[in-house]
>>> print(open('upload23.tsv').read())   # TSV, C-alpha atoms and all ligand atoms
chain	number	residue	atom	x	y	z
A	1	MET	CA	0.00	0.00	0.00
A	2	ASP	CA	1.24	3.41	-0.94
A	3	SER	CA	-0.43	5.83	1.45
A	4	GLN	CA	1.33	8.82	-0.13
A	5	ASP	CA	-0.76	8.43	-3.21
A	6	PRO	CA	-3.47	11.06	-3.65
A	7	VAL	CA	-5.76	8.55	-5.33
A	8	LEU	CA	-5.60	6.25	-2.37
A	9	SER	CA	-5.83	8.72	0.44
A	10	ASP	CA	-9.60	8.63	0.95
A	11	GLN	CA	-10.44	5.20	-0.33
A	12	HIS	CA	-12.22	4.51	2.94
A	13	ALA	CA	-14.73	7.29	2.33
A	14	PRO	CA	-18.32	6.21	3.11
A	15	VAL	CA	-19.43	3.71	0.49
A	16	THR	CA	-22.53	5.74	-0.25
A	17	SER	CA	-20.63	8.88	-1.22
A	18	HIS	CA	-21.38	9.68	-4.83
A	19	GLN	CA	-18.93	11.36	-7.10
A	20	GLN	CA	-20.11	13.09	-10.25
A	21	VAL	CA	-17.02	11.96	-12.09
A	22	PRO	CA	-16.07	8.33	-11.57
A	23	ARG	CA	-12.82	8.04	-9.68
A	24	HIS	CA	-12.08	4.72	-11.32
A	25	LEU	CA	-13.19	3.81	-14.82
A	26	ALA	CA	-12.84	0.26	-16.17
A	27	ILE	CA	-13.27	-0.47	-19.88
A	28	ILE	CA	-13.64	-3.57	-22.03
A	29	MET	CA	-12.35	-2.29	-25.33
A	30	ASP	CA	-14.27	-4.58	-27.65
A	31	GLY	CA	-15.09	-4.55	-31.35
A	32	ASN	CA	-11.72	-4.08	-33.06
A	33	GLY	CA	-12.09	-7.18	-35.21
A	34	ARG	CA	-15.58	-6.26	-36.41
A	35	TRP	CA	-14.47	-2.69	-37.12
A	36	ALA	CA	-11.83	-4.07	-39.51
A	37	GLN	CA	-14.08	-6.74	-41.01
A	38	ARG	CA	-16.68	-4.10	-41.89
A	39	ARG	CA	-13.98	-2.40	-43.91
A	40	ARG	CA	-12.94	-5.73	-45.43
A	41	ARG	CA	-9.56	-5.42	-43.78
A	42	PRO	CA	-7.67	-7.95	-41.65
A	43	ARG	CA	-8.56	-7.92	-37.94
A	44	VAL	CA	-5.14	-6.54	-37.01
A	45	VAL	CA	-6.06	-3.28	-38.75
A	46	GLY	CA	-8.84	-2.95	-36.17
A	47	HIS	CA	-6.43	-3.55	-33.31
A	48	ARG	CA	-4.17	-0.83	-34.69
A	49	ALA	CA	-7.11	1.55	-34.90
A	50	GLY	CA	-8.05	0.56	-31.36
A	51	ALA	CA	-4.69	1.78	-30.08
A	52	ARG	CA	-5.65	5.32	-31.16
A	53	ALA	CA	-8.81	5.10	-29.08
A	54	VAL	CA	-6.68	4.18	-26.06
A	55	ASN	CA	-4.71	7.42	-26.36
A	56	LEU	CA	-7.91	9.39	-26.69
A	57	THR	CA	-9.35	7.73	-23.59
A	58	VAL	CA	-6.25	8.46	-21.52
A	59	ASP	CA	-6.46	12.13	-22.62
A	60	PHE	CA	-10.13	12.21	-21.67
A	61	CYS	CA	-9.44	10.82	-18.20
A	62	LEU	CA	-6.63	13.31	-17.61
A	63	GLN	CA	-8.89	16.18	-18.67
A	64	HIS	CA	-11.83	15.09	-16.54
A	65	GLY	CA	-9.96	14.20	-13.39
A	66	VAL	CA	-10.66	10.46	-13.51
A	67	GLU	CA	-8.08	9.09	-11.09
A	68	ALA	CA	-7.76	5.50	-12.28
A	69	LEU	CA	-8.39	3.89	-15.66
A	70	THR	CA	-8.28	0.12	-16.06
A	71	LEU	CA	-8.28	-1.16	-19.63
A	72	PHE	CA	-8.92	-4.75	-20.69
A	73	ALA	CA	-6.33	-5.19	-23.42
A	74	PHE	CA	-5.98	-8.98	-23.65
A	75	SER	CA	-7.80	-11.66	-21.72
A	76	SER	CA	-6.47	-14.98	-20.49
A	77	GLU	CA	-8.89	-16.53	-23.02
A	78	ASN	CA	-7.56	-14.41	-25.91
A	79	TRP	CA	-4.43	-16.63	-26.02
A	80	GLY	CA	-6.70	-19.15	-27.74
A	81	ARG	CA	-7.15	-16.94	-30.84
A	82	PRO	CA	-5.41	-17.86	-34.10
A	83	GLU	CA	-1.63	-17.69	-33.77
A	84	GLU	CA	-1.43	-15.01	-36.40
A	85	GLU	CA	-3.75	-12.68	-34.49
A	86	VAL	CA	-2.04	-13.31	-31.15
A	87	GLY	CA	1.32	-12.63	-32.79
A	88	ALA	CA	0.06	-9.38	-34.32
A	89	LEU	CA	-1.36	-8.27	-30.96
A	90	MET	CA	1.95	-8.99	-29.23
A	91	LYS	CA	3.79	-6.93	-31.83
A	92	LEU	CA	1.39	-4.05	-31.34
A	93	PHE	CA	1.69	-4.33	-27.58
A	94	LEU	CA	5.50	-4.24	-27.66
A	95	GLY	CA	5.43	-1.33	-30.11
A	96	ALA	CA	3.08	0.62	-27.86
A	97	LEU	CA	5.31	-0.04	-24.84
A	98	GLU	CA	8.32	1.22	-26.79
A	99	ARG	CA	6.58	4.32	-28.14
A	100	GLU	CA	4.08	5.56	-25.57
A	101	VAL	CA	5.60	5.19	-22.12
A	102	ASP	CA	7.85	8.28	-22.13
A	103	GLU	CA	4.96	10.55	-23.09
A	104	LEU	CA	2.64	8.98	-20.50
A	105	HIS	CA	5.34	9.48	-17.89
A	106	ARG	CA	5.72	13.12	-18.91
A	107	ARG	CA	2.00	13.55	-18.36
A	108	GLY	CA	2.08	12.14	-14.85
A	109	VAL	CA	0.53	8.77	-15.63
A	110	ARG	CA	1.41	5.79	-13.45
A	111	ILE	CA	1.31	2.59	-15.48
A	112	ARG	CA	0.69	-0.86	-14.07
A	113	PHE	CA	-0.07	-4.23	-15.61
A	114	ILE	CA	-2.34	-6.87	-14.14
A	115	GLY	CA	-2.50	-10.43	-15.39
A	116	GLU	CA	-0.18	-13.40	-15.85
A	117	ARG	CA	2.79	-11.72	-17.38
A	118	VAL	CA	4.92	-14.88	-17.45
A	119	ARG	CA	3.08	-15.83	-20.60
A	120	PHE	CA	4.54	-12.88	-22.53
A	121	SER	CA	7.88	-12.78	-24.33
A	122	ASP	CA	10.94	-11.64	-22.37
A	123	ALA	CA	11.03	-8.42	-24.37
A	124	ILE	CA	7.47	-7.54	-23.37
A	125	VAL	CA	7.94	-8.54	-19.72
A	126	LYS	CA	11.06	-6.38	-19.58
A	127	ARG	CA	9.27	-3.37	-21.09
A	128	MET	CA	6.35	-3.81	-18.68
A	129	ALA	CA	8.68	-3.76	-15.69
A	130	LEU	CA	10.51	-0.72	-17.09
A	131	ALA	CA	7.25	1.17	-17.65
A	132	GLU	CA	6.10	0.40	-14.10
A	133	ALA	CA	9.43	1.43	-12.59
A	134	GLN	CA	9.71	4.60	-14.66
A	135	THR	CA	6.21	5.81	-13.78
A	136	ALA	CA	5.94	4.47	-10.20
A	137	GLY	CA	6.19	7.94	-8.66
A	138	ASN	CA	3.37	9.46	-10.73
A	139	GLY	CA	-0.06	10.10	-9.29
A	140	ARG	CA	-2.11	12.11	-11.79
A	141	LEU	CA	-3.74	9.08	-13.38
A	142	HIS	CA	-3.38	5.40	-12.59
A	143	LEU	CA	-3.42	3.53	-15.88
A	144	ASN	CA	-3.88	-0.18	-15.28
A	145	VAL	CA	-3.57	-2.42	-18.29
A	146	ALA	CA	-5.16	-5.85	-17.91
A	147	ALA	CA	-3.11	-8.11	-20.18
A	148	SER	CA	-3.28	-11.90	-20.04
A	149	TYR	CA	-5.79	-11.15	-17.31
A	150	GLY	CA	-8.74	-13.21	-16.15
A	151	GLY	CA	-10.99	-12.37	-13.21
A	152	GLN	CA	-11.26	-16.00	-12.16
A	153	GLN	CA	-7.51	-16.45	-12.24
A	154	ASP	CA	-7.20	-13.24	-10.19
A	155	ILE	CA	-9.48	-14.65	-7.47
A	156	ALA	CA	-7.72	-18.03	-7.61
A	157	ALA	CA	-4.36	-16.29	-7.10
A	158	ALA	CA	-5.81	-14.48	-4.06
A	159	ALA	CA	-7.03	-17.82	-2.68
A	160	ARG	CA	-3.55	-19.28	-3.19
A	161	ALA	CA	-1.91	-16.37	-1.38
A	162	LEU	CA	-4.30	-16.75	1.56
A	163	ALA	CA	-3.75	-20.51	1.65
A	164	ARG	CA	0.00	-19.91	1.85
A	165	GLU	CA	-0.49	-17.60	4.83
A	166	VAL	CA	-2.66	-20.22	6.54
A	167	ALA	CA	-0.09	-22.95	5.83
A	168	ALA	CA	2.66	-20.75	7.28
A	169	GLY	CA	0.61	-20.32	10.45
A	170	ARG	CA	0.22	-16.58	9.95
A	171	LEU	CA	-3.52	-16.58	9.24
A	172	ASP	CA	-6.50	-18.20	10.93
A	173	PRO	CA	-8.88	-19.57	8.24
A	174	GLU	CA	-11.75	-18.15	10.29
A	175	HIS	CA	-10.41	-14.68	9.55
A	176	ILE	CA	-10.77	-15.05	5.79
A	177	ASP	CA	-13.51	-12.61	4.91
A	178	GLU	CA	-14.30	-10.24	2.01
A	179	LYS	CA	-11.69	-7.81	3.24
A	180	ALA	CA	-8.98	-10.47	3.30
A	181	VAL	CA	-9.78	-11.72	-0.20
A	182	GLY	CA	-10.18	-8.16	-1.49
A	183	ALA	CA	-6.72	-7.29	-0.19
A	184	HIS	CA	-5.18	-9.98	-2.39
A	185	VAL	CA	-6.89	-9.45	-5.74
A	186	ALA	CA	-5.48	-7.13	-8.39
A	187	LEU	CA	-5.70	-3.36	-7.77
A	188	ALA	CA	-6.37	-3.90	-4.07
A	189	ASP	CA	-4.81	-0.52	-3.33
A	190	LEU	CA	-7.25	1.38	-5.54
A	191	PRO	CA	-10.92	2.10	-4.95
A	192	PRO	CA	-12.99	-0.38	-7.00
A	193	PRO	CA	-14.24	0.78	-10.40
A	194	ASP	CA	-17.17	3.21	-10.19
A	195	LEU	CA	-18.05	2.88	-13.84
A	196	PHE	CA	-17.57	0.01	-16.29
A	197	ILE	CA	-17.88	0.59	-20.01
A	198	ARG	CA	-18.06	-2.13	-22.66
A	199	THR	CA	-18.01	-1.17	-26.31
A	200	GLY	CA	-18.90	-3.45	-29.21
A	201	GLY	CA	-22.51	-4.25	-28.34
A	202	ASP	CA	-22.12	-7.36	-26.18
A	203	HIS	CA	-23.61	-7.33	-22.71
A	204	ARG	CA	-21.21	-9.44	-20.71
A	205	VAL	CA	-18.23	-9.13	-18.43
A	206	SER	CA	-16.03	-11.72	-20.21
A	207	ASN	CA	-13.96	-12.58	-17.13
A	208	PHE	CA	-12.86	-8.99	-16.50
A	209	LEU	CA	-12.54	-7.74	-12.89
A	210	LEU	CA	-15.07	-10.14	-11.36
A	211	TRP	CA	-14.38	-9.38	-7.73
A	212	GLN	CA	-13.77	-5.67	-8.17
A	213	LEU	CA	-16.98	-5.02	-10.14
A	214	ALA	CA	-19.31	-6.03	-7.29
A	215	TYR	CA	-20.96	-2.58	-7.06
A	216	THR	CA	-19.72	-0.96	-10.25
A	217	GLU	CA	-22.21	0.87	-12.50
A	218	LEU	CA	-22.34	-0.85	-15.89
A	219	TRP	CA	-22.66	0.99	-19.21
A	220	PHE	CA	-22.81	-0.65	-22.63
A	221	THR	CA	-22.63	0.79	-26.11
A	222	GLU	CA	-22.94	-0.62	-29.63
A	223	THR	CA	-20.07	1.59	-30.76
A	224	LEU	CA	-17.01	-0.41	-31.74
A	225	TRP	CA	-13.84	0.43	-29.79
A	226	PRO	CA	-11.92	2.12	-32.65
A	227	ASP	CA	-14.89	4.50	-33.16
A	228	VAL	CA	-14.90	5.72	-29.56
A	229	ASP	CA	-14.52	9.46	-29.16
A	230	ALA	CA	-14.71	11.99	-26.33
A	231	GLY	CA	-18.41	12.57	-26.98
A	232	LEU	CA	-19.20	8.93	-26.33
A	233	LEU	CA	-17.11	8.82	-23.15
A	234	GLN	CA	-18.90	11.97	-22.02
A	235	GLN	CA	-22.25	10.23	-22.61
A	236	ALA	CA	-21.17	7.43	-20.30
A	237	LEU	CA	-20.05	9.90	-17.63
A	238	ASP	CA	-23.31	11.85	-17.92
A	239	ASP	CA	-25.32	8.66	-17.52
A	240	TYR	CA	-23.21	7.71	-14.51
A	241	ALA	CA	-23.69	11.13	-12.90
A	242	GLY	CA	-27.46	10.65	-13.00
A	243	ARG	CA	-27.48	7.28	-11.27
A	244	GLU	CA	-28.18	6.62	-7.63
A	245	ARG	CA	-25.74	4.14	-6.12
A	246	ARG	CA	-27.43	2.46	-3.22
A	247	PHE	CA	-25.00	-0.32	-2.26
A	248	GLY	CA	-27.86	-2.41	-0.94
A	249	LEU	CA	-29.38	0.40	1.13
A	250	THR	CA	-32.61	2.30	0.53
A	251	SER	CA	-32.97	5.56	-1.33
A	252	ALA	CA	-33.95	7.32	1.90
A	253	GLN	CA	-30.82	6.11	3.65
A	254	ILE	CA	-28.70	7.35	0.78
A	255	ALA	CA	-30.33	10.79	0.98
A	256	VAL	CA	-29.50	11.00	4.71
A	257	GLU	CA	-25.87	10.00	4.06
A	258	ALA	CA	-25.56	12.52	1.26
A	259	SER	CA	-26.79	15.40	3.42
A	260	ALA	CA	-24.66	14.43	6.44
A	301	LIG	C1	-11.10	-6.47	-28.61
A	301	LIG	O1	-11.58	-6.56	-29.90
A	301	LIG	C2	-9.60	-6.59	-28.54
A	301	LIG	C3	-9.12	-7.86	-28.00
A	301	LIG	C4	-9.86	-8.81	-27.52
A	301	LIG	C5	-7.69	-8.09	-28.02
A	301	LIG	P1	-11.91	-7.94	-30.58
A	301	LIG	O2	-10.70	-8.44	-31.28
A	301	LIG	O3	-12.51	-8.88	-29.60
A	301	LIG	O4	-12.99	-7.49	-31.66
A	301	LIG	P2	-14.33	-8.26	-32.04
A	301	LIG	O5	-15.11	-8.42	-30.77
A	301	LIG	O6	-13.91	-9.58	-32.63
A	301	LIG	O7	-14.98	-7.35	-33.01
A	302	LIG	C1	-12.93	-9.17	-23.95
A	302	LIG	O1	-13.29	-9.21	-25.28
A	302	LIG	C2	-11.46	-9.04	-23.80
A	302	LIG	C3	-10.88	-7.78	-24.28
A	302	LIG	C4	-11.49	-6.76	-24.78
A	302	LIG	C5	-9.46	-7.70	-24.16
A	302	LIG	P1	-13.51	-10.60	-26.05
A	302	LIG	O2	-13.82	-10.23	-27.45
A	302	LIG	O3	-12.37	-11.51	-25.84
A	302	LIG	O4	-14.79	-11.18	-25.30
A	302	LIG	P2	-15.87	-12.23	-25.79
A	302	LIG	O5	-15.12	-13.33	-26.46
A	302	LIG	O6	-16.75	-11.52	-26.77
A	302	LIG	O7	-16.61	-12.62	-24.57
A	303	MG	MG	-14.44	-9.17	-28.99
>>> encode(input="upload23.tsv", output="structure tokens")
Amino acid sequence: MDSQDPVLSDQHAPVTSHQQVPRHLAIIMDGNGRWAQRRRRPRVVGHRAGARAVNLTVDFCLQHGVEALTLFAFSSENWGRPEEEVGALMKLFLGALEREVDELHRRGVRIRFIGERVRFSDAIVKRMALAEAQTAGNGRLHLNVAASYGGQQDIAAAARALAREVAAGRLDPEHIDEKAVGAHVALADLPPPDLFIRTGGDHRVSNFLLWQLAYTELWFTETLWPDVDAGLLQQALDDYAGRERRFGLTSAQIAVEASA
């Protein structure tokens, strides 16, 4: 835990507090392949176009004061795609790491990767570690890239970590509660996502942050990821700002908390 971090300082604010702008935005960037296919181009062309939308989204978050952005770039299931597509995605990923990190650092972005990075090539793993080290002191925006990530594998890893503590005699199994599990899943030091966006028209979570999305507001759009622009992101934020987050309580209780 990094208690110096401005993003983290009031993560224990009352759960019912409602921010107009989401502090943490999580996005499934879906629809690259279809975007390319509609243009009769190979799927990789869509992935390339999708990279532009990532830059635009980071800019948007910096402008609007979103404190953390978590992007689903590559799922643990995506390894099963045709070799050619996986290879093209890896090339794009490495290229982006080589090109974009300095500029993100200059803009105060802290970059982190979540997922099973051992599955990537040495060159990519090395670049990931470099990007994290270079930007570790930044606090303007937390950019978390979920790559080779699966929500179930995330929870399983937390269970393994807890089991190790029990086996070492440091933890009583009776003390394993939501807080204990939550402390061991990815992004445990950040507030959970306030708003989830999925582009590309499908209404599912596809093994993204399963634990962390427990009370996240969900927003779906037909727009394909490479077509995303600031206007669309603003629509999602406007929709979010109009929602009442009740966290299991009643509307009346929320009103009391809000006026306290
Ligand atoms: C999302 O776009 C990017 C990755 C999964 C890597 P897709 O490649 O899933 O695009 P569609 O859903 O096939 O259109
Ligand atoms: C989810 O998209 C993963 C990413 C965007 C990286 P998929 O395209 O893999 O999801 P499904 O297959 O439609 O569920
Ligand atoms: Mg898809």
>>> residues_near_ligand(input="upload23.tsv", ligand="ligand MG 303 (chain A)", cutoff="12 Å", atoms="all atoms listed in the file", output="VMD selection string")
chain A and resid 28 to 36 43 46 to 47 50 72 to 75 77 to 78 81 198 to 206 224 to 225
>>> closest_residue(input="upload23.tsv", among="A:Ile197, A:Val66, A:Ala123, A:Val181", to="ligand LIG 302 (chain A)", atoms="only C-alpha atoms and all ligand atoms")
A:Ile197
>>> closest_residue(input="upload23.tsv", among="A:Leu56, A:Leu97, A:Ala147, A:Val44", to="ligand LIG 302 (chain A)", atoms="only C-alpha atoms and all ligand atoms")
A:Ala147
>>> closest_residue(input="upload23.tsv", among="A:Ala88, A:Ala214, A:Leu209, A:Ala168", to="ligand LIG 301 (chain A)", atoms="all atoms listed in the file")
A:Ala88
>>> residues_near_point(input="upload23.tsv", point="(1.7, -13.7, -25.6)", cutoff="6 Å", atoms="all atoms listed in the file", output="ChimeraX atom specification")
/A:90,119-120
>>> atom_distance(input="upload23.tsv", atom1="atom CA of Ile124 of chain A", atom2="atom CA of Val45 of chain A")
20.9 Å
>>> residues_near_point(input="upload23.tsv", point="(11.2, -0.4, -16.5)", cutoff="12 Å", atoms="only C-alpha atoms", output="PDB file with C-alpha atoms, in the frame of the given file")
ATOM      1  CA  LEU A  97       5.310  -0.040 -24.840  1.00  0.00           C
ATOM      2  CA  GLU A  98       8.320   1.220 -26.790  1.00  0.00           C
ATOM      3  CA  VAL A 101       5.600   5.190 -22.120  1.00  0.00           C
ATOM      4  CA  ASP A 102       7.850   8.280 -22.130  1.00  0.00           C
ATOM      5  CA  HIS A 105       5.340   9.480 -17.890  1.00  0.00           C
ATOM      6  CA  ARG A 110       1.410   5.790 -13.450  1.00  0.00           C
ATOM      7  CA  ILE A 111       1.310   2.590 -15.480  1.00  0.00           C
ATOM      8  CA  ARG A 112       0.690  -0.860 -14.070  1.00  0.00           C
ATOM      9  CA  PHE A 113      -0.070  -4.230 -15.610  1.00  0.00           C
ATOM     10  CA  ALA A 123      11.030  -8.420 -24.370  1.00  0.00           C
ATOM     11  CA  ILE A 124       7.470  -7.540 -23.370  1.00  0.00           C
ATOM     12  CA  VAL A 125       7.940  -8.540 -19.720  1.00  0.00           C
ATOM     13  CA  LYS A 126      11.060  -6.380 -19.580  1.00  0.00           C
ATOM     14  CA  ARG A 127       9.270  -3.370 -21.090  1.00  0.00           C
ATOM     15  CA  MET A 128       6.350  -3.810 -18.680  1.00  0.00           C
ATOM     16  CA  ALA A 129       8.680  -3.760 -15.690  1.00  0.00           C
ATOM     17  CA  LEU A 130      10.510  -0.720 -17.090  1.00  0.00           C
ATOM     18  CA  ALA A 131       7.250   1.170 -17.650  1.00  0.00           C
ATOM     19  CA  GLU A 132       6.100   0.400 -14.100  1.00  0.00           C
ATOM     20  CA  ALA A 133       9.430   1.430 -12.590  1.00  0.00           C
ATOM     21  CA  GLN A 134       9.710   4.600 -14.660  1.00  0.00           C
ATOM     22  CA  THR A 135       6.210   5.810 -13.780  1.00  0.00           C
ATOM     23  CA  ALA A 136       5.940   4.470 -10.200  1.00  0.00           C
TER      24      ALA A 136
END
>>> closest_residue(input="upload23.tsv", among="A:Leu249, A:Leu71, A:Leu104, A:Ala167", to="ligand LIG 302 (chain A)", atoms="all atoms listed in the file")
A:Leu71
>>> atom_distance(input="upload23.tsv", atom1="atom CA of Asp177 of chain A", atom2="atom CA of Ile155 of chain A")
13.2 Å
>>> atom_distance(input="upload23.tsv", atom1="atom CA of His175 of chain A", atom2="atom CA of Ala158 of chain A")
14.4 Å
>>> closest_residue(input="upload23.tsv", among="A:Trp219, A:Tyr149, A:Phe93, A:Phe60", to="ligand LIG 302 (chain A)", atoms="only C-alpha atoms and all ligand atoms")
A:Tyr149
>>> axis_aligned_box(input="upload23.tsv", around="segment 173-185 of chain A", padding_each_side="4 Å", output="AutoDock Vina command-line options")
--center_x -9.7 --center_y -13.4 --center_z 2.3 --size_x 17.1 --size_y 20.3 --size_z 24.0
>>> closest_residue(input="upload23.tsv", among="A:Thr223, A:Val109, A:Gln153, A:Ala159", to="ligand LIG 301 (chain A)", atoms="all atoms listed in the file")
A:Thr223
>>> build_atoms(input="upload23.tsv", residues="segment 154-172 of chain A", atoms="N, CA and C atoms", output="PDB file, keeping the file's coordinate frame")
ATOM      1  N   ASP A 154      -7.527 -14.252 -11.195  1.00  0.00           N
ATOM      2  CA  ASP A 154      -7.200 -13.240 -10.190  1.00  0.00           C
ATOM      3  C   ASP A 154      -7.678 -13.709  -8.807  1.00  0.00           C
ATOM      4  N   ILE A 155      -8.923 -14.185  -8.744  1.00  0.00           N
ATOM      5  CA  ILE A 155      -9.480 -14.650  -7.470  1.00  0.00           C
ATOM      6  C   ILE A 155      -8.764 -15.926  -7.006  1.00  0.00           C
ATOM      7  N   ALA A 156      -8.450 -16.801  -7.965  1.00  0.00           N
ATOM      8  CA  ALA A 156      -7.720 -18.030  -7.610  1.00  0.00           C
ATOM      9  C   ALA A 156      -6.348 -17.691  -7.024  1.00  0.00           C
ATOM     10  N   ALA A 157      -5.688 -16.686  -7.607  1.00  0.00           N
ATOM     11  CA  ALA A 157      -4.360 -16.290  -7.100  1.00  0.00           C
ATOM     12  C   ALA A 157      -4.497 -15.748  -5.673  1.00  0.00           C
ATOM     13  N   ALA A 158      -5.584 -14.998  -5.415  1.00  0.00           N
ATOM     14  CA  ALA A 158      -5.810 -14.480  -4.060  1.00  0.00           C
ATOM     15  C   ALA A 158      -6.022 -15.646  -3.088  1.00  0.00           C
ATOM     16  N   ALA A 159      -6.785 -16.649  -3.532  1.00  0.00           N
ATOM     17  CA  ALA A 159      -7.030 -17.820  -2.680  1.00  0.00           C
ATOM     18  C   ALA A 159      -5.713 -18.539  -2.373  1.00  0.00           C
ATOM     19  N   ARG A 160      -4.863 -18.638  -3.391  1.00  0.00           N
ATOM     20  CA  ARG A 160      -3.550 -19.280  -3.190  1.00  0.00           C
ATOM     21  C   ARG A 160      -2.717 -18.513  -2.174  1.00  0.00           C
ATOM     22  N   ALA A 161      -2.712 -17.195  -2.300  1.00  0.00           N
ATOM     23  CA  ALA A 161      -1.910 -16.370  -1.380  1.00  0.00           C
ATOM     24  C   ALA A 161      -2.413 -16.538   0.053  1.00  0.00           C
ATOM     25  N   LEU A 162      -3.733 -16.569   0.223  1.00  0.00           N
ATOM     26  CA  LEU A 162      -4.300 -16.750   1.560  1.00  0.00           C
ATOM     27  C   LEU A 162      -3.967 -18.137   2.100  1.00  0.00           C
ATOM     28  N   ALA A 163      -4.049 -19.134   1.224  1.00  0.00           N
ATOM     29  CA  ALA A 163      -3.750 -20.510   1.650  1.00  0.00           C
ATOM     30  C   ALA A 163      -2.301 -20.617   2.123  1.00  0.00           C
ATOM     31  N   ARG A 164      -1.412 -19.901   1.431  1.00  0.00           N
ATOM     32  CA  ARG A 164       0.000 -19.910   1.850  1.00  0.00           C
ATOM     33  C   ARG A 164       0.161 -19.309   3.242  1.00  0.00           C
ATOM     34  N   GLU A 165      -0.583 -18.230   3.506  1.00  0.00           N
ATOM     35  CA  GLU A 165      -0.490 -17.600   4.830  1.00  0.00           C
ATOM     36  C   GLU A 165      -1.033 -18.524   5.917  1.00  0.00           C
ATOM     37  N   VAL A 166      -2.103 -19.253   5.583  1.00  0.00           N
ATOM     38  CA  VAL A 166      -2.660 -20.220   6.540  1.00  0.00           C
ATOM     39  C   VAL A 166      -1.639 -21.326   6.788  1.00  0.00           C
ATOM     40  N   ALA A 167      -1.049 -21.841   5.699  1.00  0.00           N
ATOM     41  CA  ALA A 167      -0.090 -22.950   5.830  1.00  0.00           C
ATOM     42  C   ALA A 167       1.124 -22.526   6.645  1.00  0.00           C
ATOM     43  N   ALA A 168       1.493 -21.237   6.539  1.00  0.00           N
ATOM     44  CA  ALA A 168       2.660 -20.750   7.280  1.00  0.00           C
ATOM     45  C   ALA A 168       2.302 -20.420   8.730  1.00  0.00           C
ATOM     46  N   GLY A 169       1.032 -20.573   9.072  1.00  0.00           N
ATOM     47  CA  GLY A 169       0.610 -20.320  10.450  1.00  0.00           C
ATOM     48  C   GLY A 169       0.397 -18.846  10.763  1.00  0.00           C
ATOM     49  N   ARG A 170       0.367 -18.024   9.708  1.00  0.00           N
ATOM     50  CA  ARG A 170       0.220 -16.580   9.950  1.00  0.00           C
ATOM     51  C   ARG A 170      -1.241 -16.126   9.890  1.00  0.00           C
ATOM     52  N   LEU A 171      -2.122 -16.997   9.426  1.00  0.00           N
ATOM     53  CA  LEU A 171      -3.520 -16.580   9.240  1.00  0.00           C
ATOM     54  C   LEU A 171      -4.455 -17.683   9.704  1.00  0.00           C
ATOM     55  N   ASP A 172      -5.459 -17.276  10.473  1.00  0.00           N
ATOM     56  CA  ASP A 172      -6.500 -18.200  10.930  1.00  0.00           C
ATOM     57  C   ASP A 172      -7.564 -18.265   9.828  1.00  0.00           C
TER      58      ASP A 172
END
